[in-house]
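Below: entry-v7.csv (CSV, C-alpha atoms)
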```
chain,number,residue,atom,x,y,z
K,1,MET,CA,19.2,157.3,58.9
K,2,LYS,CA,18.3,156.3,55.4
K,3,ARG,CA,22.0,156.8,54.4
K,4,LYS,CA,23.1,154.4,57.2
K,5,ILE,CA,20.5,151.8,56.2
K,6,LEU,CA,21.7,152.1,52.6
K,7,ILE,CA,25.4,151.6,53.6
K,8,ALA,CA,24.5,148.6,55.7
K,9,PHE,CA,22.4,147.1,52.9
K,10,VAL,CA,25.3,147.6,50.4
K,11,GLY,CA,27.7,146.0,52.8
K,12,LEU,CA,25.4,143.0,53.2
K,13,LEU,CA,25.2,142.6,49.5
K,14,VAL,CA,29.0,142.7,49.1
K,15,ILE,CA,29.3,140.0,51.8
K,16,LEU,CA,26.7,137.8,50.1
K,17,PHE,CA,28.4,138.3,46.8
K,18,LEU,CA,31.7,137.2,48.1
K,19,VAL,CA,30.4,134.2,50.1
K,20,SER,CA,28.5,133.0,47.0
K,21,SER,CA,32.0,132.5,45.4
K,22,CYS,CA,31.2,134.8,42.5
K,23,ILE,CA,34.6,136.2,43.1
K,24,PRO,CA,37.1,133.3,43.4
K,25,PHE,CA,39.6,133.5,46.3
K,26,PRO,CA,43.0,132.1,45.7
K,27,LYS,CA,43.2,128.7,47.4
K,28,ALA,CA,46.0,127.9,49.7
K,29,LYS,CA,48.4,125.5,48.1
K,30,ASN,CA,49.0,122.2,49.9
K,31,TYR,CA,51.9,119.9,49.5
K,32,ARG,CA,53.3,116.5,50.1
K,33,ALA,CA,56.8,116.1,51.6
K,34,TRP,CA,59.4,113.4,52.2
K,35,VAL,CA,62.3,113.4,54.7
K,36,VAL,CA,65.1,111.0,54.8
K,37,GLY,CA,67.7,110.1,57.4
K,38,GLN,CA,70.0,107.6,59.2
K,39,THR,CA,69.1,104.2,60.6
K,40,ASP,CA,67.0,103.6,63.7
K,41,THR,CA,67.7,101.1,66.5
K,42,ASN,CA,66.6,98.3,64.1
K,43,GLY,CA,69.0,99.4,61.4
K,44,ILE,CA,66.3,100.7,59.1
K,45,ALA,CA,66.7,104.1,57.5
K,46,ILE,CA,64.2,106.8,58.1
K,47,LEU,CA,61.8,107.8,55.3
K,48,TYR,CA,59.1,110.1,56.6
K,49,PHE,CA,56.1,111.2,54.6
K,50,SER,CA,53.6,114.0,55.1
K,51,ASP,CA,50.3,114.3,53.2
K,52,ASP,CA,49.1,117.5,54.9
K,53,SER,CA,51.7,120.1,54.3
K,54,GLY,CA,54.1,119.0,57.0
K,55,GLU,CA,51.5,118.9,59.8
K,56,THR,CA,51.9,115.2,60.6
K,57,TRP,CA,54.5,112.5,59.6
K,58,THR,CA,54.5,108.8,59.0
K,59,ARG,CA,57.1,106.3,57.9
K,60,GLN,CA,57.3,104.7,54.5
K,61,ALA,CA,59.2,101.8,52.8
K,62,MET,CA,60.0,100.0,56.1
K,63,ASP,CA,59.2,96.7,54.4
K,64,ILE,CA,61.8,97.1,51.7
K,65,LEU,CA,64.6,99.1,53.3
K,66,PRO,CA,67.7,96.9,53.9
K,67,GLU,CA,69.3,96.8,57.4
K,68,GLY,CA,72.3,99.0,57.9
K,69,LYS,CA,72.0,101.4,55.0
K,70,SER,CA,71.1,105.1,55.6
K,71,LEU,CA,69.2,107.4,53.3
K,72,GLU,CA,71.1,110.6,52.4
K,73,ASP,CA,68.9,112.5,49.8
K,74,VAL,CA,65.3,112.5,48.4
K,75,PHE,CA,63.9,114.2,45.3
K,76,SER,CA,60.2,114.5,44.4
K,77,VAL,CA,59.6,114.9,40.7
K,78,ASP,CA,55.9,115.5,41.5
K,79,GLN,CA,53.4,114.4,44.1
K,80,ASN,CA,53.6,110.8,43.0
K,81,THR,CA,57.1,110.2,41.6
K,82,VAL,CA,59.9,110.3,44.2
K,83,TRP,CA,63.5,109.0,44.3
K,84,ALA,CA,65.7,108.5,47.4
K,85,CYS,CA,69.4,107.4,47.7
K,86,GLY,CA,71.8,106.5,50.4
K,87,SER,CA,74.7,104.4,51.5
K,88,GLY,CA,75.8,101.0,50.1
K,89,GLY,CA,74.4,101.8,46.6
K,90,LEU,CA,70.9,102.2,48.0
K,91,LEU,CA,68.5,103.7,45.5
K,92,LEU,CA,64.7,103.7,45.8
K,93,LYS,CA,61.8,105.0,43.8
K,94,THR,CA,58.0,105.3,44.0
K,95,THR,CA,55.4,106.3,41.4
K,96,ASN,CA,52.4,106.4,43.7
K,97,GLY,CA,53.4,108.9,46.3
K,98,GLY,CA,55.1,106.3,48.5
K,99,SER,CA,52.3,103.8,48.9
K,100,ASP,CA,54.7,101.4,47.3
K,101,TRP,CA,58.5,101.8,47.0
K,102,GLU,CA,60.9,99.6,45.0
K,103,THR,CA,64.7,99.3,45.1
K,104,VAL,CA,66.6,100.2,41.9
K,105,GLU,CA,69.4,97.9,40.9
K,106,VAL,CA,72.8,99.7,40.4
K,107,SER,CA,75.2,96.9,41.3
K,108,GLU,CA,76.8,96.7,37.8
K,109,VAL,CA,78.1,100.3,38.1
K,110,ALA,CA,78.1,101.2,41.8
K,111,ALA,CA,77.6,98.1,44.1
K,112,ASP,CA,78.7,99.6,47.4
K,113,SER,CA,79.0,103.3,46.6
K,114,PHE,CA,77.9,106.0,49.0
K,115,PHE,CA,75.2,107.9,47.2
K,116,SER,CA,75.0,111.5,48.4
K,117,PHE,CA,72.7,113.5,46.1
K,118,LEU,CA,70.1,113.2,43.3
K,119,SER,CA,69.1,115.5,40.5
K,120,ILE,CA,66.5,114.9,37.8
K,121,PHE,CA,65.9,116.7,34.5
K,122,GLU,CA,62.9,115.4,32.5
K,123,ASP,CA,63.6,111.7,32.0
K,124,ARG,CA,67.2,111.6,33.1
K,125,ILE,CA,68.1,110.7,36.7
K,126,TRP,CA,71.5,111.8,38.1
K,127,VAL,CA,73.2,110.4,41.2
K,128,SER,CA,76.5,111.5,42.7
K,129,GLY,CA,78.6,110.0,45.5
K,130,ASP,CA,81.9,109.2,46.9
K,131,GLU,CA,85.2,108.7,45.1
K,132,GLY,CA,84.2,111.1,42.3
K,133,LEU,CA,81.1,109.1,41.3
K,134,VAL,CA,78.5,110.5,38.9
K,135,ILE,CA,76.0,108.2,37.2
K,136,PHE,CA,72.9,108.7,35.2
K,137,SER,CA,70.0,106.8,33.7
K,138,ASP,CA,67.8,107.5,30.7
K,139,ASP,CA,65.3,104.7,31.3
K,140,TYR,CA,64.0,105.3,34.9
K,141,GLY,CA,66.8,103.2,36.4
K,142,GLY,CA,66.8,100.3,34.1
K,143,SER,CA,70.4,100.9,33.1
K,144,TRP,CA,73.1,103.3,34.2
K,145,THR,CA,76.1,105.1,32.7
K,146,VAL,CA,79.1,106.1,34.7
K,147,CYS,CA,80.5,109.5,33.8
K,148,ASP,CA,84.2,109.9,33.1
K,149,LEU,CA,85.2,112.8,35.4
K,150,PRO,CA,88.7,114.4,35.5
K,151,GLU,CA,91.2,112.2,37.3
K,152,MET,CA,91.4,114.4,40.4
K,153,ALA,CA,87.7,114.0,41.0
K,154,SER,CA,88.2,110.5,42.5
K,155,GLU,CA,89.6,112.2,45.6
K,156,TYR,CA,86.3,113.9,46.4
K,157,ILE,CA,82.9,113.0,47.5
K,158,ILE,CA,80.6,114.6,44.9
K,159,GLN,CA,78.1,115.9,47.5
K,160,GLY,CA,76.0,118.1,45.1
K,161,ILE,CA,74.8,117.7,41.6
K,162,HIS,CA,72.3,119.8,39.5
K,163,ALA,CA,71.1,119.1,36.0
K,164,ILE,CA,70.0,122.5,34.7
K,165,THR,CA,69.1,121.2,31.2
K,166,GLU,CA,69.6,118.0,29.3
K,167,ASP,CA,73.1,119.2,28.4
K,168,VAL,CA,74.3,121.5,31.3
K,169,ILE,CA,75.1,119.8,34.6
K,170,TYR,CA,77.1,121.0,37.5
K,171,ALA,CA,78.7,118.8,40.2
K,172,VAL,CA,80.5,119.9,43.3
K,173,GLY,CA,82.4,118.1,46.0
K,174,ASN,CA,84.7,118.2,48.9
K,175,LYS,CA,87.5,116.4,50.8
K,176,SER,CA,89.2,116.8,54.1
K,177,THR,CA,92.6,117.8,52.8
K,178,PRO,CA,93.7,120.7,50.6
K,179,ARG,CA,92.5,121.5,47.9
K,180,ALA,CA,89.2,120.9,49.7
K,181,GLY,CA,86.7,121.8,47.0
K,182,ILE,CA,86.0,120.9,43.4
K,183,VAL,CA,83.5,122.3,40.8
K,184,LEU,CA,82.8,120.4,37.6
K,185,ARG,CA,80.6,121.3,34.6
K,186,SER,CA,79.4,119.3,31.6
K,187,GLU,CA,77.8,121.0,28.6
K,188,ASP,CA,77.2,117.9,26.6
K,189,GLY,CA,75.0,115.8,28.8
K,190,GLY,CA,77.7,114.3,30.9
K,191,GLN,CA,80.0,113.0,28.0
K,192,SER,CA,82.8,115.3,29.0
K,193,TRP,CA,83.5,117.5,32.1
K,194,GLU,CA,85.7,120.5,32.9
K,195,GLU,CA,86.9,121.8,36.2
K,196,ILE,CA,85.8,125.3,37.1
K,197,GLU,CA,88.5,127.5,38.6
K,198,LEU,CA,86.8,130.0,41.0
K,199,PRO,CA,88.2,133.4,41.8
K,200,ASN,CA,89.9,134.3,45.1
K,201,ASN,CA,91.1,130.6,45.5
K,202,TYR,CA,87.6,129.7,46.5
K,203,ASN,CA,88.1,126.0,45.6
K,204,ASP,CA,90.2,125.9,48.8
K,205,ASN,CA,86.8,125.6,50.5
K,206,GLY,CA,84.8,122.4,50.4
K,207,TRP,CA,81.6,122.5,48.4
K,208,ILE,CA,78.4,120.9,49.6
K,209,GLY,CA,75.8,121.8,47.0
K,210,VAL,CA,74.9,123.5,43.8
K,211,LYS,CA,71.5,124.9,42.7
K,212,ALA,CA,70.2,126.9,39.7
K,213,THR,CA,67.0,128.4,38.3
K,214,ASP,CA,68.3,128.4,34.7
K,215,GLU,CA,71.6,128.2,32.8
K,216,ASP,CA,72.6,131.7,33.8
K,217,HIS,CA,71.7,131.8,37.5
K,218,ILE,CA,73.7,129.3,39.6
K,219,VAL,CA,74.7,129.2,43.3
K,220,ILE,CA,77.4,127.0,44.8
K,221,HIS,CA,77.5,126.7,48.6
K,222,GLY,CA,79.7,125.0,51.2
K,223,GLY,CA,82.0,125.1,54.1
K,224,GLN,CA,82.2,127.9,56.7
K,225,GLY,CA,79.8,130.3,55.2
K,226,HIS,CA,81.3,130.4,51.7
K,227,TYR,CA,79.3,130.6,48.5
K,228,VAL,CA,79.7,131.8,44.9
K,229,VAL,CA,77.1,133.1,42.4
K,230,THR,CA,76.9,133.6,38.7
K,231,ALA,CA,74.3,135.5,36.7
K,232,ASN,CA,75.7,134.8,33.2
K,233,GLY,CA,76.2,131.0,33.1
K,234,GLY,CA,79.6,131.0,34.7
K,235,LYS,CA,81.4,133.6,32.6
K,236,GLN,CA,81.9,135.5,35.8
K,237,TRP,CA,81.6,134.2,39.4
K,238,VAL,CA,81.1,136.5,42.4
K,239,THR,CA,82.5,135.1,45.6
K,240,GLY,CA,80.4,135.6,48.8
K,241,GLY,CA,81.2,135.2,52.4
K,242,PRO,CA,82.5,133.9,54.6
K,243,LEU,CA,79.3,134.8,56.4
K,244,PHE,CA,80.4,133.0,59.5
K,245,ALA,CA,82.2,129.8,60.6
K,246,LYS,CA,79.1,127.7,60.0
K,247,ASP,CA,78.6,125.4,56.9
K,248,LEU,CA,75.9,126.3,54.4
K,249,ASN,CA,74.5,122.8,54.2
K,250,SER,CA,71.5,123.1,52.0
K,251,LEU,CA,70.0,125.8,49.8
K,252,VAL,CA,66.8,126.3,47.8
K,253,MET,CA,66.4,129.0,45.1
K,254,LEU,CA,62.9,130.5,44.9
K,255,ASP,CA,63.9,132.6,41.9
K,256,SER,CA,67.1,134.0,40.4
K,257,SER,CA,67.7,136.3,43.4
K,258,THR,CA,65.8,134.9,46.4
K,259,TYR,CA,67.1,131.8,48.2
K,260,TRP,CA,67.0,130.2,51.6
K,261,ALA,CA,69.9,128.3,53.2
K,262,ALA,CA,70.0,125.9,56.2
K,263,CYS,CA,73.2,126.0,58.1
K,264,ASP,CA,75.0,124.6,61.2
K,265,PHE,CA,73.9,125.4,64.7
K,266,ASP,CA,70.2,126.1,63.9
K,267,THR,CA,70.9,129.0,61.5
K,268,ILE,CA,68.4,129.7,58.7
K,269,ILE,CA,69.3,132.6,56.4
K,270,LEU,CA,67.4,134.3,53.5
K,271,THR,CA,68.6,136.6,50.7
K,272,LYS,CA,66.5,138.5,48.3
K,273,ASN,CA,69.3,140.1,46.3
K,274,SER,CA,71.4,137.1,45.1
K,275,GLY,CA,73.5,136.9,48.2
K,276,ILE,CA,74.6,140.6,48.5
K,277,SER,CA,73.0,140.6,51.9
K,278,TRP,CA,71.4,138.0,54.1
K,279,GLU,CA,68.9,138.1,57.0
K,280,GLU,CA,69.0,135.5,59.7
K,281,GLN,CA,65.6,134.0,60.7
K,282,PRO,CA,64.6,132.7,64.1
K,283,PRO,CA,64.8,128.9,64.3
K,284,ALA,CA,62.8,126.7,66.6
K,285,GLY,CA,63.4,123.9,68.9
K,286,THR,CA,66.7,122.8,70.4
K,287,SER,CA,69.7,124.9,69.4
K,288,ASN,CA,72.5,122.3,69.4
K,289,SER,CA,71.8,121.0,66.0
K,290,PHE,CA,72.9,121.2,62.4
K,291,LEU,CA,70.3,122.1,59.8
K,292,LEU,CA,71.1,119.8,56.9
K,293,GLY,CA,68.2,120.1,54.4
K,294,ILE,CA,65.7,122.7,53.2
K,295,ASP,CA,63.1,122.8,50.5
K,296,ALA,CA,60.3,125.3,49.7
K,297,LEU,CA,56.9,125.2,48.0
K,298,ASN,CA,57.0,129.0,47.5
K,299,LYS,CA,58.1,132.1,49.3
K,300,ASN,CA,55.8,131.4,52.3
K,301,ASN,CA,56.0,127.7,52.8
K,302,ALA,CA,59.2,125.7,53.6
K,303,LEU,CA,60.5,122.8,55.6
K,304,VAL,CA,63.9,122.4,57.2
K,305,VAL,CA,65.4,119.2,58.7
K,306,GLY,CA,68.3,118.7,61.0
K,307,SER,CA,70.3,116.6,63.4
K,308,SER,CA,72.1,116.9,66.7
K,309,ALA,CA,75.5,118.5,66.7
K,310,GLY,CA,76.7,115.9,69.1
K,311,TYR,CA,75.5,113.1,71.4
K,312,PRO,CA,72.8,112.0,71.9
K,313,GLN,CA,71.5,111.7,68.3
K,314,PHE,CA,68.2,113.3,67.3
K,315,GLY,CA,66.5,114.8,64.3
K,316,LYS,CA,63.9,117.5,63.9
K,317,ILE,CA,61.6,119.0,61.2
K,318,LEU,CA,60.8,122.7,61.2
K,319,ARG,CA,58.0,124.4,59.2
K,320,THR,CA,57.2,128.0,58.2
K,321,LYS,CA,54.0,129.2,56.6
K,322,ASP,CA,54.9,132.9,56.6
K,323,GLY,CA,58.2,133.2,54.8
K,324,GLY,CA,60.3,132.4,57.8
K,325,LYS,CA,59.1,135.0,60.1
K,326,ASN,CA,58.1,132.1,62.3
K,327,TRP,CA,59.3,128.5,62.4
K,328,GLU,CA,57.6,125.8,64.3
K,329,VAL,CA,58.7,122.3,65.3
K,330,VAL,CA,56.5,119.7,63.5
K,331,LEU,CA,58.6,116.8,64.5
K,332,SER,CA,60.7,117.2,67.6
K,333,ALA,CA,63.9,115.7,68.9
K,334,GLU,CA,61.9,113.6,71.4
K,335,GLU,CA,59.9,112.1,68.6
K,336,CYS,CA,62.9,111.4,66.3
K,337,PRO,CA,66.2,110.0,67.9
K,338,VAL,CA,67.8,109.8,64.4
K,339,THR,CA,69.7,112.2,62.2
K,340,LEU,CA,67.6,113.6,59.4
K,341,THR,CA,69.5,114.7,56.3
K,342,HIS,CA,67.2,116.0,53.5
K,343,VAL,CA,63.7,117.0,52.6
K,344,SER,CA,61.7,117.4,49.3
K,345,ILE,CA,58.4,119.0,48.7
K,346,ALA,CA,55.8,118.4,45.9
K,347,GLU,CA,52.7,120.5,45.4
K,348,LYS,CA,49.5,118.6,45.7
K,349,SER,CA,47.1,118.9,42.8
K,350,MET,CA,43.5,119.5,43.8
```

Translate the structure of the given file into structure tokens.
Amino acid sequence: MKRKILIAFVGLLVILFLVSSCIPFPKAKNYRAWVVGQTDTNGIAILYFSDDSGETWTRQAMDILPEGKSLEDVFSVDQNTVWACGSGGLLLKTTNGGSDWETVEVSEVAADSFFSFLSIFEDRIWVSGDEGLVIFSDDYGGSWTVCDLPEMASEYIIQGIHAITEDVIYAVGNKSTPRAGIVLRSEDGGQSWEEIELPNNYNDNGWIGVKATDEDHIVIHGGQGHYVVTANGGKQWVTGGPLFAKDLNSLVMLDSSTYWAACDFDTIILTKNSGISWEEQPPAGTSNSFLLGIDALNKNNALVVGSSAGYPQFGKILRTKDGGKNWEVVLSAEECPVTLTHVSIAEKSM
């Protein structure tokens, strides 16, 4: 009996010790998120914001967004500084988490261009778009420089760009006619560019995006389940896929070997070995949609956005809190009758 009493007493002390916070428990990380999309019935682009890790969503920038211009990409530098870009030379930024947005003037270099993607390294902002367009700014959008890409690049929409360092930048694109894909690299901060020839004629495939964790580890992804990976800065490229006939629309690298991809027809896939093998995760919500954007806070928490594969139009936002074992709908097709294109997550500081 005394032994049982002693065990119970020790157990009580342990509980009191833990509750008193003498041993700190790791706190769950919270995040802000932004989602962009096409125009609503009033012609105003969608810019959704969540301040509670994707639980609820509200619209931002409705007072300054011009009619008839969509938003295609969004990039959060941190929980306060966010950029977004879209059609008709539309470029926005906020420095206070979206309480106030302002339009950024680019008319001198790209008045009516279709902006498809953003990348930011330190103080340099990169924007890519149609007709082989790549521009950058070193003064937070005060002035812009147009990059001189190889002549054939003008035939492509540069749908993905990633500034790995101040000097090393990759840009990828696609077009509807052969040769469908192009991969470009600059190693001098955008002053000059070279076209990358991929093995197995892989530039016959259109490329949608490029991501990297460092100068060595780079992934390019695109049409009909095709992707290529390098682990030595492009000295050798390993071709992957085709996994299926679905496009790999968006990809986020969690580290040099682990990445998620969002694909056509509600397909979410994960690799933990640099694309050697993939596991398909259970999606959520309606199945007749394209998943166009994905971003992750860490290996447990991620968001995916998508759009209908046909008519009628709708958008949706999916969330996981357990590494993709389960995905839940946090904004449904019934709540969003507009295509959603991309998402960006920023950790909230406590």

Give me the residues of region 78-168 of chain K that have any atom at most 9 Å from an atom of region 331-346 of chain K; for each, the nearest atom pair and the distance in Å, rounded to one decimal. Use all atoms listed in the file, sort by chain and number, and format it as JSON lines.
```
{"residue": "K:Asp78", "atom": "CA", "partner": "K:Ala346", "partner_atom": "CA", "distance": 5.3}
{"residue": "K:Gln79", "atom": "CA", "partner": "K:Ala346", "partner_atom": "CA", "distance": 5.0}
{"residue": "K:Asn80", "atom": "CA", "partner": "K:Ala346", "partner_atom": "CA", "distance": 8.4}
{"residue": "K:Val82", "atom": "CA", "partner": "K:Ser344", "partner_atom": "CA", "distance": 8.9}
```

Next item on the list: Find the spatial neighbours of Ala296 (chain K), counting all atoms listed in the file, within a cut-off of 8 Å - ignore same-chain residues fewer than 6 positions away - and output them as a list of chain:residue names.
Entry: K:Val252, K:Leu254, K:Ala302, K:Leu303, K:Ile345

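Closest approach to Cys263 (chain K) among K:Phe244, K:Trp101, K:Phe290, K:Trp144: K:Phe290, based on all atoms listed in the file.
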
Next item on the list: Mind checking which residues fall within 10 Å of Val210 (chain K), counting all atoms listed in the file, ignoring those fewer than 2 positions away in the same chain, and posting them as JSON, numbers by chain?
Entry: {"K": [159, 160, 161, 162, 163, 169, 170, 171, 172, 173, 183, 207, 208, 212, 218, 219, 220, 221, 222, 227, 228, 229, 250, 251, 252]}

Notebook entry, point to check: Which is closer to Lys211 (chain K) than all the others in K:Gln224, K:Ser119, K:Asn288, K:Gln191, using all atoms listed in the file?
Noted result: K:Ser119

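Straight-line separation from CA of Gly43 (chain K) to CA of Val330 (chain K): 23.9 Å.
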
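The coordinates place CA of Ile164 (chain K) at 19.4 Å from CA of Asn298 (chain K).
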
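The residue set within 6 Å of region 44-51 of chain K, counting only C-alpha atoms and dropping same-chain residues fewer than 5 places from it, reads Arg32, Ala33, Trp34, Val35, Val36, Gly37, Gln38, Thr39, Thr56, Trp57, Thr58, Arg59, Gln60, Glu67, Ser70 and Leu71 of chain K.
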
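In terms of minimum interatomic distance to Arg124 (chain K), K:Glu166 ranks closest within K:Glu166, K:Ile158, K:Trp83, K:Gly97, counting all atoms listed in the file.
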
Next item on the list: Kindly give the distance, in Å, that separates CA of Val109 (chain K) and CA of Thr145 (chain K), rounded to a single decimal.
Entry: 7.5 Å

Next item on the list: Write out as a PyMOL selection string the residues lying within 9 Å of Leu65 (chain K), counting all atoms listed in the file and excluding same-chain residues fewer than 4 positions away.
Entry: chain K and resi 44-45+61+69+90+92+103

Using C-alpha atoms, can you write the selected residues to a file as a PDB file, in the frame of the given file?
```
ATOM      1  CA  ILE K  44      66.300 100.700  59.100  1.00  0.00           C
ATOM      2  CA  ALA K  45      66.700 104.100  57.500  1.00  0.00           C
ATOM      3  CA  ALA K  61      59.200 101.800  52.800  1.00  0.00           C
ATOM      4  CA  LYS K  69      72.000 101.400  55.000  1.00  0.00           C
ATOM      5  CA  LEU K  90      70.900 102.200  48.000  1.00  0.00           C
ATOM      6  CA  LEU K  92      64.700 103.700  45.800  1.00  0.00           C
ATOM      7  CA  THR K 103      64.700  99.300  45.100  1.00  0.00           C
TER       8      THR K 103
END
```

Item checked: Shell around Ala110 (chain K) at 9 Å using only C-alpha atoms, local window under 6 positions removed, as number ranges by chain -> K: 88-89, 133, 135, 146

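Nearest-residue note for Ser99 (chain K): choosing from K:Val134, K:Met62, K:Ala84, K:Val127, the minimum distance belongs to K:Met62, counting all atoms listed in the file.
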
Margin query: When you count all atoms listed in the file, which of these residues is closest to Trp237 (chain K): K:Ser53, K:Thr94, K:Ser137, K:Asn201?
Written below: K:Asn201

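Compared by their closest atoms to Pro283 (chain K), and using all atoms listed in the file, the residues K:Phe121, K:Phe115, K:Tyr202, K:Phe265 rank with K:Phe265 nearest.
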
Next item on the list: Could you please give me, as JSON, numbers by chain, the residues of protein, DNA or RNA lying at most 9 Å from (78.4, 130.1, 59.5) in the coordinate frame of the file, considering only C-alpha atoms?
Entry: {"K": [223, 224, 225, 226, 242, 243, 244, 245, 246, 247, 248, 263, 264, 265, 267]}

Residue rebuild result region 51-58 of chain K, all heavy atoms as an mmCIF file, keeping the file's coordinate frame:
```
data_model
loop_
_atom_site.group_PDB
_atom_site.id
_atom_site.type_symbol
_atom_site.label_atom_id
_atom_site.label_comp_id
_atom_site.auth_asym_id
_atom_site.auth_seq_id
_atom_site.Cartn_x
_atom_site.Cartn_y
_atom_site.Cartn_z
ATOM 1 N N ASP K 51 51.349 114.073 54.190
ATOM 2 C CA ASP K 51 50.300 114.300 53.200
ATOM 3 C C ASP K 51 49.549 115.585 53.441
ATOM 4 O O ASP K 51 48.623 115.913 52.702
ATOM 5 C CB ASP K 51 49.398 113.118 53.054
ATOM 6 C CG ASP K 51 48.587 113.116 51.771
ATOM 7 O OD1 ASP K 51 49.121 113.510 50.717
ATOM 8 O OD2 ASP K 51 47.387 112.734 51.813
ATOM 9 N N ASP K 52 49.926 116.292 54.517
ATOM 10 C CA ASP K 52 49.100 117.500 54.900
ATOM 11 C C ASP K 52 50.032 118.672 55.179
ATOM 12 O O ASP K 52 49.943 119.330 56.216
ATOM 13 C CB ASP K 52 48.319 117.120 56.177
ATOM 14 C CG ASP K 52 49.168 116.587 57.331
ATOM 15 O OD1 ASP K 52 50.417 116.593 57.205
ATOM 16 O OD2 ASP K 52 48.590 116.165 58.346
ATOM 17 N N SER K 53 50.905 118.940 54.228
ATOM 18 C CA SER K 53 51.700 120.100 54.300
ATOM 19 C C SER K 53 52.636 120.209 55.495
ATOM 20 O O SER K 53 52.872 121.285 56.057
ATOM 21 C CB SER K 53 50.886 121.401 54.159
ATOM 22 O OG SER K 53 50.133 121.395 52.963
ATOM 23 N N GLY K 54 53.134 119.048 55.932
ATOM 24 C CA GLY K 54 54.100 119.000 57.000
ATOM 25 C C GLY K 54 53.495 118.977 58.416
ATOM 26 O O GLY K 54 54.228 119.014 59.403
ATOM 27 N N GLU K 55 52.175 118.884 58.518
ATOM 28 C CA GLU K 55 51.500 118.900 59.800
ATOM 29 C C GLU K 55 51.819 117.594 60.602
ATOM 30 O O GLU K 55 52.174 117.620 61.783
ATOM 31 C CB GLU K 55 50.018 119.073 59.670
ATOM 32 C CG GLU K 55 49.263 119.219 60.972
ATOM 33 C CD GLU K 55 49.519 120.544 61.670
ATOM 34 O OE1 GLU K 55 49.816 121.535 60.977
ATOM 35 O OE2 GLU K 55 49.414 120.581 62.906
ATOM 36 N N THR K 56 51.651 116.447 59.930
ATOM 37 C CA THR K 56 51.900 115.200 60.600
ATOM 38 C C THR K 56 52.790 114.303 59.670
ATOM 39 O O THR K 56 52.851 114.500 58.452
ATOM 40 C CB THR K 56 50.574 114.403 60.814
ATOM 41 O OG1 THR K 56 49.892 114.200 59.564
ATOM 42 C CG2 THR K 56 49.675 115.197 61.754
ATOM 43 N N TRP K 57 53.461 113.314 60.305
ATOM 44 C CA TRP K 57 54.500 112.500 59.600
ATOM 45 C C TRP K 57 54.312 111.036 59.920
ATOM 46 O O TRP K 57 54.059 110.665 61.069
ATOM 47 C CB TRP K 57 55.869 112.989 59.973
ATOM 48 C CG TRP K 57 56.125 114.399 59.563
ATOM 49 C CD1 TRP K 57 55.821 115.535 60.264
ATOM 50 C CD2 TRP K 57 56.692 114.840 58.324
ATOM 51 N NE1 TRP K 57 56.167 116.652 59.552
ATOM 52 C CE2 TRP K 57 56.713 116.262 58.353
ATOM 53 C CE3 TRP K 57 57.203 114.179 57.203
ATOM 54 C CZ2 TRP K 57 57.218 117.024 57.307
ATOM 55 C CZ3 TRP K 57 57.703 114.925 56.165
ATOM 56 C CH2 TRP K 57 57.706 116.332 56.209
ATOM 57 N N THR K 58 54.454 110.214 58.889
ATOM 58 C CA THR K 58 54.500 108.800 59.000
ATOM 59 C C THR K 58 55.646 108.194 58.281
ATOM 60 O O THR K 58 56.207 108.857 57.396
ATOM 61 C CB THR K 58 53.156 108.142 58.515
ATOM 62 O OG1 THR K 58 52.993 108.501 57.128
ATOM 63 C CG2 THR K 58 51.948 108.623 59.305
#
```
